[in-house]
file data07.cif (mmCIF, C-alpha atoms and all ligand atoms)
data_data
#
loop_
_atom_site.label_atom_id
_atom_site.label_comp_id
_atom_site.auth_asym_id
_atom_site.auth_seq_id
_atom_site.Cartn_x
_atom_site.Cartn_y
_atom_site.Cartn_z
CA MET A 1 3.98 30.79 -37.91
CA GLY A 2 2.42 28.44 -40.41
CA GLY A 3 -0.42 26.02 -39.64
CA PHE A 4 2.02 23.14 -39.83
CA ALA A 5 4.35 24.51 -37.16
CA ARG A 6 1.41 25.40 -34.95
CA ARG A 7 0.04 21.88 -35.21
CA TRP A 8 3.39 20.42 -34.23
CA ARG A 9 3.64 22.78 -31.29
CA LEU A 10 0.25 21.55 -30.07
CA VAL A 11 1.28 17.93 -30.43
CA ALA A 12 4.51 18.61 -28.54
CA LEU A 13 2.57 20.37 -25.76
CA ALA A 14 0.10 17.49 -25.49
CA LEU A 15 2.95 15.00 -25.27
CA LEU A 16 4.67 17.09 -22.61
CA GLY A 17 1.40 17.19 -20.66
CA LEU A 18 1.09 13.42 -20.84
CA ILE A 19 4.65 12.92 -19.66
CA ALA A 20 4.21 15.42 -16.82
CA ALA A 21 0.99 13.66 -15.75
CA GLY A 22 2.93 10.42 -15.50
CA CYS A 23 5.48 12.08 -13.23
CA ALA A 24 2.92 13.45 -10.78
CA THR A 25 3.04 10.50 -8.41
CA GLY A 26 1.15 12.14 -5.56
CA ARG A 27 0.63 10.10 -2.44
CA LEU A 28 0.53 6.68 -4.12
CA ASP A 29 4.08 5.95 -5.16
CA ALA A 30 5.27 2.47 -6.10
CA THR A 31 8.78 3.74 -6.85
CA LYS A 32 9.65 4.40 -3.21
CA PRO A 33 9.33 0.98 -1.52
CA VAL A 34 9.93 0.90 2.23
CA GLY A 35 9.54 -2.84 2.92
CA GLU A 36 10.95 -6.14 1.75
CA ASN A 37 7.98 -7.07 -0.47
CA ALA A 38 7.63 -3.76 -2.24
CA GLN A 39 11.41 -3.68 -2.71
CA GLN A 40 11.34 -7.04 -4.47
CA ILE A 41 8.61 -5.84 -6.83
CA ASP A 42 10.50 -2.61 -7.43
CA GLY A 43 13.67 -4.58 -8.23
CA LEU A 44 11.81 -6.63 -10.84
CA MET A 45 10.23 -3.52 -12.33
CA ARG A 46 13.62 -1.88 -12.70
CA LEU A 47 15.26 -4.98 -14.17
CA SER A 48 12.56 -5.52 -16.82
CA GLY A 49 12.29 -1.77 -17.40
CA TRP A 50 15.99 -1.36 -18.17
CA MET A 51 15.96 -4.48 -20.36
CA ALA A 52 13.08 -2.96 -22.32
CA VAL A 53 14.99 0.31 -22.65
CA GLY A 54 18.01 -1.59 -24.01
CA VAL A 55 15.92 -3.53 -26.54
CA GLY A 56 14.12 -0.32 -27.52
CA ILE A 57 17.37 1.52 -28.21
CA LEU A 58 18.77 -1.37 -30.27
CA VAL A 59 15.61 -1.69 -32.38
CA ALA A 60 15.35 2.07 -32.93
CA ALA A 61 19.03 2.24 -33.92
CA ALA A 62 18.58 -0.64 -36.37
CA VAL A 63 15.51 0.99 -37.94
CA VAL A 64 17.29 4.34 -38.34
CA THR A 65 20.41 2.69 -39.80
CA ILE A 66 18.37 0.74 -42.35
CA ILE A 67 16.31 3.77 -43.33
CA VAL A 68 19.43 5.87 -43.91
CA LYS A 69 21.65 3.23 -45.45
CA PHE A 70 19.15 1.73 -47.90
CA ARG A 71 17.17 4.82 -48.84
CA ALA A 72 16.56 5.48 -52.54
CA LYS A 73 19.06 7.87 -54.07
CA PRO A 74 18.08 10.47 -56.70
CA THR A 75 20.35 8.65 -59.17
CA ASP A 76 18.56 5.33 -58.69
CA ASP A 77 16.41 4.06 -61.51
CA PRO A 78 12.88 3.71 -60.00
CA ASP A 79 12.24 0.58 -62.06
CA ASP A 80 15.43 -1.08 -60.93
CA LEU A 81 14.44 -3.18 -57.88
CA PRO A 82 17.06 -4.48 -55.40
CA PRO A 83 17.49 -8.29 -55.16
CA GLN A 84 14.23 -9.88 -53.92
CA ILE A 85 14.91 -12.24 -50.99
CA HIS A 86 12.56 -14.46 -49.01
CA GLY A 87 13.75 -15.41 -45.54
CA ASN A 88 17.16 -15.16 -43.99
CA ARG A 89 18.06 -17.97 -41.65
CA LYS A 90 20.65 -15.98 -39.72
CA ALA A 91 18.34 -13.03 -39.08
CA GLU A 92 15.37 -15.25 -38.16
CA LEU A 93 17.44 -17.26 -35.70
CA THR A 94 18.84 -14.09 -34.11
CA TRP A 95 15.47 -12.51 -33.45
CA THR A 96 14.06 -15.75 -32.09
CA ILE A 97 16.95 -16.70 -29.85
CA ILE A 98 17.68 -13.30 -28.27
CA PRO A 99 14.10 -12.68 -27.00
CA THR A 100 13.94 -16.29 -25.76
CA ILE A 101 17.08 -15.78 -23.71
CA LEU A 102 15.77 -12.45 -22.36
CA LEU A 103 12.43 -14.02 -21.39
CA ILE A 104 14.08 -17.01 -19.70
CA PHE A 105 16.30 -14.60 -17.80
CA LEU A 106 13.23 -12.60 -16.63
CA THR A 107 11.36 -15.77 -15.65
CA VAL A 108 14.27 -16.96 -13.54
CA TYR A 109 14.15 -13.66 -11.66
CA THR A 110 10.35 -13.38 -11.46
CA LEU A 111 9.29 -16.83 -10.24
CA PRO A 112 11.13 -16.80 -6.89
CA THR A 113 9.69 -13.32 -6.20
CA VAL A 114 6.17 -14.51 -6.95
CA PHE A 115 6.53 -17.39 -4.50
CA ALA A 116 8.30 -15.27 -1.88
CA LEU A 117 5.49 -12.71 -1.96
CA ALA A 118 2.86 -15.43 -1.55
CA SER A 119 4.48 -16.99 1.52
CA GLN A 120 3.50 -16.25 5.11
CA GLY A 121 5.48 -13.84 7.24
CA ASP A 122 6.45 -14.26 10.88
CA GLY A 123 4.61 -11.17 12.14
CA ILE A 124 1.10 -10.55 13.43
CA THR A 125 -2.00 -11.39 11.40
CA ILE A 126 -4.60 -8.74 10.62
CA LYS A 127 -8.01 -9.33 9.08
CA VAL A 128 -8.77 -6.85 6.31
CA GLU A 129 -12.36 -6.28 5.22
CA GLY A 130 -13.21 -4.20 2.18
CA GLN A 131 -16.73 -2.87 1.76
CA GLN A 132 -18.41 -0.02 -0.03
CA TRP A 133 -16.50 2.26 0.59
CA TRP A 134 -14.10 1.88 3.49
CA TRP A 135 -11.69 -0.62 5.02
CA GLN A 136 -11.95 -2.39 8.37
CA PHE A 137 -8.94 -3.93 10.15
CA SER A 138 -9.25 -6.46 12.98
CA TYR A 139 -6.41 -7.57 15.26
CA ASP A 140 -6.17 -10.69 17.37
CA ILE A 141 -3.34 -9.40 19.55
CA ASP A 142 -3.32 -12.20 22.15
CA GLU A 143 -3.93 -14.87 19.49
CA ASP A 144 -6.89 -16.49 21.23
CA GLY A 145 -9.10 -16.51 18.15
CA GLN A 146 -11.05 -13.41 19.23
CA TYR A 147 -10.48 -10.00 17.69
CA ASP A 148 -9.22 -7.61 20.35
CA ILE A 149 -9.03 -4.44 18.31
CA VAL A 150 -11.17 -3.35 15.38
CA THR A 151 -10.44 -0.17 13.51
CA ALA A 152 -11.16 1.51 10.18
CA ASN A 153 -9.07 3.13 7.45
CA ASP A 154 -5.92 3.49 9.60
CA LEU A 155 -3.97 0.22 9.34
CA VAL A 156 -1.50 0.47 12.22
CA ILE A 157 1.47 -1.92 11.97
CA PRO A 158 4.79 -2.43 13.75
CA THR A 159 7.93 -1.84 11.67
CA GLY A 160 10.41 -4.61 10.87
CA GLU A 161 7.82 -7.40 10.80
CA GLU A 162 6.21 -9.29 7.97
CA ILE A 163 2.53 -8.58 8.67
CA ASN A 164 0.12 -11.25 7.43
CA LEU A 165 -3.15 -10.03 6.00
CA GLU A 166 -6.32 -12.05 5.53
CA ILE A 167 -8.22 -10.08 2.94
CA HIS A 168 -12.02 -10.35 2.79
CA SER A 169 -14.80 -8.48 1.09
CA ASN A 170 -18.24 -7.94 2.63
CA ASP A 171 -19.99 -7.03 -0.60
CA VAL A 172 -18.43 -6.65 -4.06
CA ILE A 173 -14.89 -7.12 -5.36
CA HIS A 174 -12.37 -4.60 -4.08
CA SER A 175 -8.60 -4.55 -4.30
CA PHE A 176 -6.16 -3.69 -1.55
CA TRP A 177 -3.07 -1.66 -2.47
CA ILE A 178 -0.56 0.24 -0.41
CA PRO A 179 2.13 0.72 -3.08
CA GLN A 180 5.08 1.36 -0.77
CA LEU A 181 4.40 -1.82 1.23
CA ASN A 182 3.52 -4.41 -1.45
CA GLY A 183 1.59 -5.01 -4.66
CA LYS A 184 -2.16 -5.33 -5.12
CA LYS A 185 -4.41 -8.09 -3.80
CA ASP A 186 -8.08 -8.47 -4.62
CA ALA A 187 -10.72 -8.66 -1.90
CA VAL A 188 -13.35 -11.06 -3.19
CA PRO A 189 -16.64 -11.93 -1.44
CA GLY A 190 -16.69 -15.50 -0.11
CA ARG A 191 -12.94 -15.90 -0.31
CA VAL A 192 -9.97 -15.15 1.93
CA HIS A 193 -6.82 -13.97 0.20
CA ASP A 194 -3.57 -14.15 2.13
CA TRP A 195 -1.20 -11.29 1.64
CA ARG A 196 1.56 -9.61 3.56
CA ILE A 197 3.03 -6.18 3.99
CA SER A 198 6.03 -4.77 5.79
CA SER A 199 7.80 -1.52 6.42
CA ASN A 200 11.38 -1.03 7.55
CA GLU A 201 10.77 2.52 8.69
CA PRO A 202 8.10 4.37 10.65
CA GLY A 203 5.84 6.50 8.51
CA ILE A 204 2.40 7.00 7.00
CA PHE A 205 1.87 5.21 3.70
CA TYR A 206 -1.19 5.83 1.60
CA GLY A 207 -3.32 3.19 -0.08
CA GLU A 208 -6.52 2.84 -2.02
CA CYS A 209 -9.07 0.43 -3.36
CA VAL A 210 -7.89 -0.34 -6.89
CA GLU A 211 -10.80 -2.37 -8.24
CA PHE A 212 -13.74 -0.30 -9.38
CA CYS A 213 -16.43 -1.02 -6.80
CA GLY A 214 -19.18 1.50 -7.35
CA LEU A 215 -20.11 5.09 -6.69
CA SER A 216 -17.51 6.09 -4.10
CA HIS A 217 -14.73 3.79 -5.28
CA ALA A 218 -12.37 6.75 -5.61
CA ASN A 219 -13.15 7.66 -1.99
CA MET A 220 -12.17 4.30 -0.58
CA GLN A 221 -8.74 5.13 0.71
CA MET A 222 -6.63 4.00 3.64
CA ARG A 223 -3.41 4.75 5.47
CA ALA A 224 -0.86 2.32 6.80
CA ILE A 225 0.69 3.80 9.92
CA ALA A 226 3.99 2.05 10.60
CA LEU A 227 5.20 2.48 14.18
CA ASP A 228 8.37 1.40 15.97
CA PRO A 229 7.56 -1.73 18.01
CA ASP A 230 7.50 0.32 21.26
CA ASP A 231 5.10 2.82 19.75
CA PHE A 232 2.99 -0.01 18.37
CA ASP A 233 2.67 -1.44 21.89
CA ARG A 234 1.64 2.01 23.08
CA TRP A 235 -1.00 2.11 20.35
CA VAL A 236 -2.36 -1.32 21.40
CA GLN A 237 -2.58 -0.15 25.02
CA GLN A 238 -4.29 3.03 23.89
CA GLN A 239 -6.90 1.00 22.02
CA TYR A 240 -7.57 -1.12 25.12
CA ASP A 241 -7.83 2.02 27.26
CA GLY A 242 -10.34 3.45 24.81
CA GLN A 243 -12.43 0.28 25.08
CA THR A 244 -12.41 0.37 28.88
CA GLN A 245 -13.32 4.04 28.83
CA ALA A 246 -16.20 3.51 26.38
CA ARG A 247 -17.52 0.56 28.38
CA ASP A 248 -17.12 1.80 31.93
CA VAL A 249 -17.08 5.58 31.97
CA ALA A 250 -20.42 7.27 31.30
CA PRO A 251 -20.35 11.04 30.61
CA ALA A 252 -21.39 13.12 33.66
CA GLU A 253 -25.11 13.80 33.70
CA GLY A 254 -26.32 17.09 32.32
CA THR A 255 -23.25 17.62 30.10
CA PRO A 256 -23.33 17.95 26.28
CA GLU A 257 -21.42 14.66 26.17
CA ALA A 258 -24.24 12.91 28.06
CA ALA A 259 -26.86 14.43 25.77
CA GLY A 260 -24.75 13.28 22.81
CA ALA A 261 -24.54 9.76 24.21
CA THR A 262 -28.33 9.61 24.44
CA LEU A 263 -28.70 10.83 20.84
CA PHE A 264 -26.12 8.29 19.77
CA GLU A 265 -28.18 5.50 21.32
CA THR A 266 -31.25 6.71 19.49
CA HIS A 267 -29.83 7.34 16.03
CA CYS A 268 -26.49 5.66 15.58
CA ILE A 269 -26.20 2.48 17.64
CA SER A 270 -28.16 0.45 15.08
CA CYS A 271 -25.07 0.58 12.87
CA HIS A 272 -22.09 1.64 14.99
CA VAL A 273 -20.38 -0.14 17.89
CA VAL A 274 -18.76 1.96 20.61
CA ASP A 275 -18.56 -0.26 23.64
CA GLY A 276 -15.52 -2.29 22.71
CA ALA A 277 -17.66 -5.41 22.38
CA TYR A 278 -16.15 -6.22 19.02
CA GLU A 279 -18.09 -9.39 18.43
CA SER A 280 -21.18 -7.30 17.85
CA ALA A 281 -19.39 -5.14 15.32
CA ALA A 282 -19.54 -8.10 13.00
CA GLY A 283 -23.14 -8.85 13.95
CA GLY A 284 -24.23 -6.71 11.10
CA ASN A 285 -26.94 -4.24 10.32
CA ALA A 286 -29.49 -5.84 8.06
CA ASN A 287 -30.06 -2.55 6.26
CA LEU A 288 -26.48 -2.30 5.11
CA LEU A 289 -25.29 -4.40 2.19
CA SER A 290 -21.95 -4.97 3.92
CA GLY A 291 -23.64 -5.44 7.30
CA LEU A 292 -20.90 -3.31 8.80
CA ALA A 293 -20.28 0.27 9.84
CA PRO A 294 -17.00 1.54 11.29
CA ASN A 295 -16.35 0.70 14.93
CA LEU A 296 -16.21 4.07 16.65
CA THR A 297 -14.78 3.02 20.04
CA ASN A 298 -11.44 4.72 19.32
CA LEU A 299 -12.59 7.22 16.71
CA MET A 300 -10.33 9.97 18.10
CA GLY A 301 -7.34 7.62 17.81
CA ARG A 302 -7.49 7.58 14.01
CA THR A 303 -5.88 10.08 11.66
CA ALA A 304 -8.75 10.02 9.18
CA PHE A 305 -12.41 9.13 8.78
CA ALA A 306 -14.87 8.24 6.01
CA GLY A 307 -12.58 5.97 4.00
CA ALA A 308 -9.60 8.21 4.90
CA LEU A 309 -11.21 10.94 2.82
CA TYR A 310 -11.12 13.47 5.65
CA ASP A 311 -8.42 14.18 8.22
CA THR A 312 -9.56 13.79 11.80
CA TYR A 313 -7.07 16.45 12.87
CA LEU A 314 -6.06 19.75 11.27
CA PRO A 315 -2.39 20.54 10.62
CA ASP A 316 -2.25 22.49 13.90
CA GLY A 317 -3.26 19.33 15.77
CA SER A 318 -6.77 20.47 16.68
CA LEU A 319 -9.80 18.31 15.92
CA ASN A 320 -11.37 18.83 12.49
CA ILE A 321 -14.72 19.65 14.09
CA ALA A 322 -16.23 21.36 11.03
CA GLU A 323 -15.96 18.36 8.73
CA LEU A 324 -16.78 15.83 11.46
CA ARG A 325 -19.92 17.76 12.36
CA GLU A 326 -20.91 18.11 8.69
CA TRP A 327 -20.31 14.38 8.23
CA VAL A 328 -22.74 13.55 11.04
CA ARG A 329 -25.25 16.07 9.69
CA ASN A 330 -25.23 14.91 6.06
CA ALA A 331 -22.69 12.21 5.24
CA PRO A 332 -23.96 11.43 1.70
CA ASN A 333 -23.24 15.06 0.88
CA MET A 334 -19.58 14.59 1.75
CA LYS A 335 -19.14 11.18 0.19
CA PRO A 336 -21.58 9.92 -2.43
CA ALA A 337 -23.44 6.80 -1.33
CA ARG A 338 -26.41 4.94 -2.73
CA ALA A 339 -29.68 6.72 -2.12
CA ASP A 340 -31.43 3.62 -0.78
CA ASN A 341 -29.22 3.67 2.34
CA GLN A 342 -27.74 0.27 1.61
CA GLN A 343 -24.32 1.77 1.90
CA GLY A 344 -22.78 4.49 3.97
CA MET A 345 -24.40 6.70 6.50
CA LEU A 346 -27.82 8.24 6.41
CA ASP A 347 -28.55 11.90 5.85
CA PHE A 348 -29.45 13.29 9.29
CA SER A 349 -29.90 16.89 8.19
CA GLU A 350 -33.68 16.72 8.63
CA VAL A 351 -33.46 14.79 11.87
CA LEU A 352 -30.82 16.45 14.03
CA THR A 353 -30.89 20.06 15.23
CA ASP A 354 -27.78 22.24 15.52
CA GLN A 355 -27.83 21.61 19.24
CA ASP A 356 -28.05 17.84 18.66
CA LEU A 357 -25.08 18.00 16.32
CA ASP A 358 -22.98 19.89 18.88
CA ASN A 359 -23.88 17.35 21.54
CA LEU A 360 -23.12 14.41 19.26
CA VAL A 361 -19.72 15.82 18.35
CA ALA A 362 -19.03 16.43 22.06
CA PHE A 363 -19.79 12.75 22.63
CA LEU A 364 -17.65 11.58 19.69
CA LYS A 365 -14.73 13.55 21.18
CA THR A 366 -14.80 11.26 24.22
CA LEU A 367 -14.11 8.17 22.07
CA GLY A 368 -10.41 7.33 22.43
CA SER A 369 -7.38 9.61 22.57
CA PRO A 370 -5.29 11.24 19.79
CA PRO A 371 -3.40 8.85 17.50
CA VAL A 372 0.10 7.54 18.15
CA LEU A 373 2.05 8.94 15.21
CA PRO A 374 5.29 7.67 13.63
CA GLN A 375 8.42 9.26 15.14
C1 LIG B 1 -27.40 2.99 8.47
C2 LIG B 1 -26.24 2.77 9.27
C3 LIG B 1 -25.62 3.98 9.95
C4 LIG B 1 -26.19 4.83 10.86
C5 LIG B 1 -27.60 4.80 11.40
C6 LIG B 1 -25.15 5.75 11.25
N1 LIG B 1 -24.00 5.46 10.58
FE1 LIG B 1 -22.23 6.41 10.79
N2 LIG B 1 -21.45 5.29 9.31
C7 LIG B 1 -22.09 4.28 8.66
C8 LIG B 1 -21.23 3.76 7.62
C9 LIG B 1 -21.55 2.61 6.68
C10 LIG B 1 -20.04 4.52 7.67
C11 LIG B 1 -18.84 4.40 6.74
C12 LIG B 1 -19.06 5.32 5.60
C13 LIG B 1 -17.91 5.45 4.67
O1 LIG B 1 -16.78 5.64 5.12
O2 LIG B 1 -18.17 5.40 3.48
C14 LIG B 1 -20.21 5.45 8.78
C15 LIG B 1 -19.23 6.33 9.18
C16 LIG B 1 -19.31 7.12 10.32
C17 LIG B 1 -18.22 7.89 10.86
C18 LIG B 1 -16.80 7.90 10.34
C19 LIG B 1 -16.07 6.75 10.97
C20 LIG B 1 -14.76 6.37 10.34
O3 LIG B 1 -13.89 5.93 11.07
O4 LIG B 1 -14.64 6.50 9.12
C21 LIG B 1 -18.71 8.56 11.95
C22 LIG B 1 -17.95 9.50 12.86
C23 LIG B 1 -20.10 8.19 12.07
N3 LIG B 1 -20.44 7.33 11.06
C24 LIG B 1 -20.95 8.71 13.04
C25 LIG B 1 -22.30 8.41 13.09
C26 LIG B 1 -23.22 9.05 14.00
C27 LIG B 1 -22.84 10.11 15.00
C28 LIG B 1 -24.44 8.51 13.75
C29 LIG B 1 -25.76 8.86 14.39
C30 LIG B 1 -26.17 10.22 14.29
C31 LIG B 1 -24.29 7.54 12.67
N4 LIG B 1 -22.98 7.50 12.32
C32 LIG B 1 -25.32 6.77 12.17
C33 LIG B 1 -23.34 3.80 8.91
C34 LIG B 1 -24.24 4.40 9.77
CU CU B 2 -13.51 -0.85 -3.47
#
call {"tool": "encode", "arguments": {"input": "data07.cif", "output": "structure tokens"}}
result
Amino acid sequence: MGGFARRWRLVALALLGLIAAGCATGRLDATKPVGENAQQIDGLMRLSGWMAVGVGILVAAAVVTIIVKFRAKPTDDPDDLPPQIHGNRKAELTWTIIPTILLIFLTVYTLPTVFALASQGDGITIKVEGQQWWWQFSYDIDEDGQYDIVTANDLVIPTGEEINLEIHSNDVIHSFWIPQLNGKKDAVPGRVHDWRISSNEPGIFYGECVEFCGLSHANMQMRAIALDPDDFDRWVQQQYDGQTQARDVAPAEGTPEAAGATLFETHCISCHVVDGAYESAAGGNANLLSGLAPNLTNLMGRTAFAGALYDTYLPDGSLNIAELREWVRNAPNMKPARADNQQGMLDFSEVLTDQDLDNLVAFLKTLGSPPVLPQ
């Protein structure tokens, strides 16, 4: 095979690779909308996409036709030029008017969608807080102005409702995106951005921070867990039960859980809230840039931890003790964070003994009950 053919084979392979990479949608997939908002965006994408395909085919066909039809023939005299023309009113009008009509058509379809997506839904309102590098969600279930439930990384929502989101940032600019539920919305410090999401079917839908926000930006993921309204009510009750448990039920003396609780008070309570007193969760730790650390009251009720980077449960349903224990031992090792401890958890590998770690994990296991999963 000659060098020429080999070069073309390489180019073809590279192109194929590029195309294949575009197909690998993974867990973030905007082409499979499950709610009203994402469906509207998807509809627009398809409309403009197919229009572009049509225009592309027409232009390519015209170029090929012209190349073939007007190519120089061997019999042509190279000095004999064809008639030299400047401007052609008909052609100029055609390629001005057609795109104008296409663009007006697209505008007419796009504008109502833009306004529809920006309007408020009739469902519950959830406060979303982005911070380096995890998401916090706060619910005011009884609508008395106080947050009743605060959770992290798992955004649990009822199906069939337009959920209103109030998107905040506690440090730098982030962007909230769960592709199957709606488009992107920035989280900007000092501002509240209204947004909404919805799902027509129960399921787990993956999302991520999509505005570069520092070291662990790629590890700032989340999961929307859409539950049937009955299951959602069960989840709310489960969260309340977890709060009561954390507040009122102390581990029996002399148990590993009790030893873990004591260690937790010594090493962890400066950042984490576990008593269900959610007001204090927002009180803030002065050492953290965001002021916040995940509320752990219902830790066992979440499918993932550390910015949804790690699964709380293994496929067989058992607790992912190995990674949870390693996280408590040396979190920066499992998720890069700034060395000055302004973000993320501290490295406790020099502080806690193996026995301490076992006791702490035993205590963490008492926080809430296993998640309510979509049916
Ligand atoms: C300096 C503040 C700070 C201290 C002290 C601290 N943490 Fe954390 N912790 C954090 C932050 C911030 C996160 C979120 C990190 C992330 O996801 O990037 C976190 C995350 C966690 C998580 C995962 C929670 C979730 O839902 O994602 C667990 C579990 C946890 N910490 C346990 C502990 C334990 C146990 C201790 C005490 C040994 C401790 N933490 C001490 C700040 C702290
Ligand atoms: Cu971010």
call {"tool": "atom_distance", "arguments": {"input": "data07.cif", "atom1": "atom CA of A:Tyr313", "atom2": "atom CA of A:Leu155"}}
result
16.9 Å
call {"tool": "residues_near_ligand", "arguments": {"input": "data07.cif", "ligand": "ligand LIG 1 (chain B)", "cutoff": "7 Å", "atoms": "all atoms listed in the file", "output": "VMD selection string"}}
result
chain A and resid 132 to 134 152 to 153 264 267 to 272 287 to 288 292 to 296 299 304 to 308 324 328 335 341 343 to 346 348 360
call {"tool": "residues_around", "arguments": {"input": "data07.cif", "residues": "stretch 190-196 of chain A", "least_positions_apart": "3", "cutoff": "9 Å", "atoms": "all atoms listed in the file", "output": "VMD selection string"}}
result
chain A and resid 37 117 to 121 125 162 to 170 181 to 182 185 to 187
call {"tool": "residues_around", "arguments": {"input": "data07.cif", "residues": "A:Gly317", "least_positions_apart": "4", "cutoff": "12 Å", "atoms": "all atoms listed in the file", "output": "list of chain:residue names"}}
result
A:Met300, A:Thr303, A:Asp311, A:Thr312, A:Tyr313, A:Ile321, A:Pro370, A:Pro371, A:Leu373
call {"tool": "closest_residue", "arguments": {"input": "data07.cif", "among": "A:Pro158, A:Gly207, A:Pro332, A:Gly130", "to": "A:His174", "atoms": "all atoms listed in the file"}}
result
A:Gly130
call {"tool": "residues_near_ligand", "arguments": {"input": "data07.cif", "ligand": "ligand CU 2 (chain B)", "cutoff": "6 Å", "atoms": "only C-alpha atoms and all ligand atoms", "output": "number ranges by chain"}}
result
A: 133, 174, 209, 211-213, 217
call {"tool": "write_last_selection", "arguments": {"input": "data07.cif", "atoms": "C-alpha atoms", "output": "mmCIF file, in the frame of the given file"}}
result
data_model
loop_
_atom_site.group_PDB
_atom_site.id
_atom_site.type_symbol
_atom_site.label_atom_id
_atom_site.label_comp_id
_atom_site.auth_asym_id
_atom_site.auth_seq_id
_atom_site.Cartn_x
_atom_site.Cartn_y
_atom_site.Cartn_z
ATOM 1 C CA TRP A 133 -16.500 2.260 0.590
ATOM 2 C CA HIS A 174 -12.370 -4.600 -4.080
ATOM 3 C CA CYS A 209 -9.070 0.430 -3.360
ATOM 4 C CA GLU A 211 -10.800 -2.370 -8.240
ATOM 5 C CA PHE A 212 -13.740 -0.300 -9.380
ATOM 6 C CA CYS A 213 -16.430 -1.020 -6.800
ATOM 7 C CA HIS A 217 -14.730 3.790 -5.280
#
call {"tool": "atom_distance", "arguments": {"input": "data07.cif", "atom1": "atom CA of A:Ser198", "atom2": "atom CA of A:Gln180"}}
result
9.0 Å
call {"tool": "atom_distance", "arguments": {"input": "data07.cif", "atom1": "atom CA of A:Ile41", "atom2": "atom CA of A:Ile141"}}
result
29.2 Å
call {"tool": "closest_residue", "arguments": {"input": "data07.cif", "among": "A:Gly301, A:Leu352, A:Ala218, A:Val64", "to": "A:Gln238", "atoms": "all atoms listed in the file"}}
result
A:Gly301
call {"tool": "residues_near_point", "arguments": {"input": "data07.cif", "point": "(12.9, 0.5, 9.1)", "cutoff": "10 Å", "atoms": "all atoms listed in the file", "output": "list in words"}}
result
Val34, Gly35, Pro158, Thr159, Gly160, Glu161, Ser198, Ser199, Asn200, Glu201, Pro202, Gly203, Ala226, Leu227 and Asp228 of chain A
call {"tool": "write_last_selection", "arguments": {"input": "data07.cif", "atoms": "C-alpha atoms", "output": "mmCIF file, in the coordinates of the input"}}
result
data_model
loop_
_atom_site.group_PDB
_atom_site.id
_atom_site.type_symbol
_atom_site.label_atom_id
_atom_site.label_comp_id
_atom_site.auth_asym_id
_atom_site.auth_seq_id
_atom_site.Cartn_x
_atom_site.Cartn_y
_atom_site.Cartn_z
ATOM 1 C CA VAL A 34 9.930 0.900 2.230
ATOM 2 C CA GLY A 35 9.540 -2.840 2.920
ATOM 3 C CA PRO A 158 4.790 -2.430 13.750
ATOM 4 C CA THR A 159 7.930 -1.840 11.670
ATOM 5 C CA GLY A 160 10.410 -4.610 10.870
ATOM 6 C CA GLU A 161 7.820 -7.400 10.800
ATOM 7 C CA SER A 198 6.030 -4.770 5.790
ATOM 8 C CA SER A 199 7.800 -1.520 6.420
ATOM 9 C CA ASN A 200 11.380 -1.030 7.550
ATOM 10 C CA GLU A 201 10.770 2.520 8.690
ATOM 11 C CA PRO A 202 8.100 4.370 10.650
ATOM 12 C CA GLY A 203 5.840 6.500 8.510
ATOM 13 C CA ALA A 226 3.990 2.050 10.600
ATOM 14 C CA LEU A 227 5.200 2.480 14.180
ATOM 15 C CA ASP A 228 8.370 1.400 15.970
#
call {"tool": "closest_residue", "arguments": {"input": "data07.cif", "among": "A:Ile149, A:Met51, A:Met45, A:Ile124", "to": "A:Leu103", "atoms": "only C-alpha atoms"}}
result
A:Met51
call {"tool": "closest_residue", "arguments": {"input": "data07.cif", "among": "A:Arg247, A:Arg7, A:Arg338, A:Lys365", "to": "A:Asn320", "atoms": "all atoms listed in the file"}}
result
A:Lys365
call {"tool": "closest_residue", "arguments": {"input": "data07.cif", "among": "A:Val172, A:Leu289, A:Leu13, A:Leu81", "to": "A:Gln342", "atoms": "all atoms listed in the file"}}
result
A:Leu289
call {"tool": "closest_residue", "arguments": {"input": "data07.cif", "among": "A:Tyr147, A:Tyr109, A:Tyr206, A:Trp327", "to": "A:Leu47", "atoms": "all atoms listed in the file"}}
result
A:Tyr109
call {"tool": "axis_aligned_box", "arguments": {"input": "data07.cif", "around": "stretch 189-198 of chain A", "padding_each_side": "5 Å", "output": "AutoDock Vina command-line options"}}
result
--center_x -5.3 --center_y -10.3 --center_z 2.2 --size_x 32.7 --size_y 21.1 --size_z 17.2
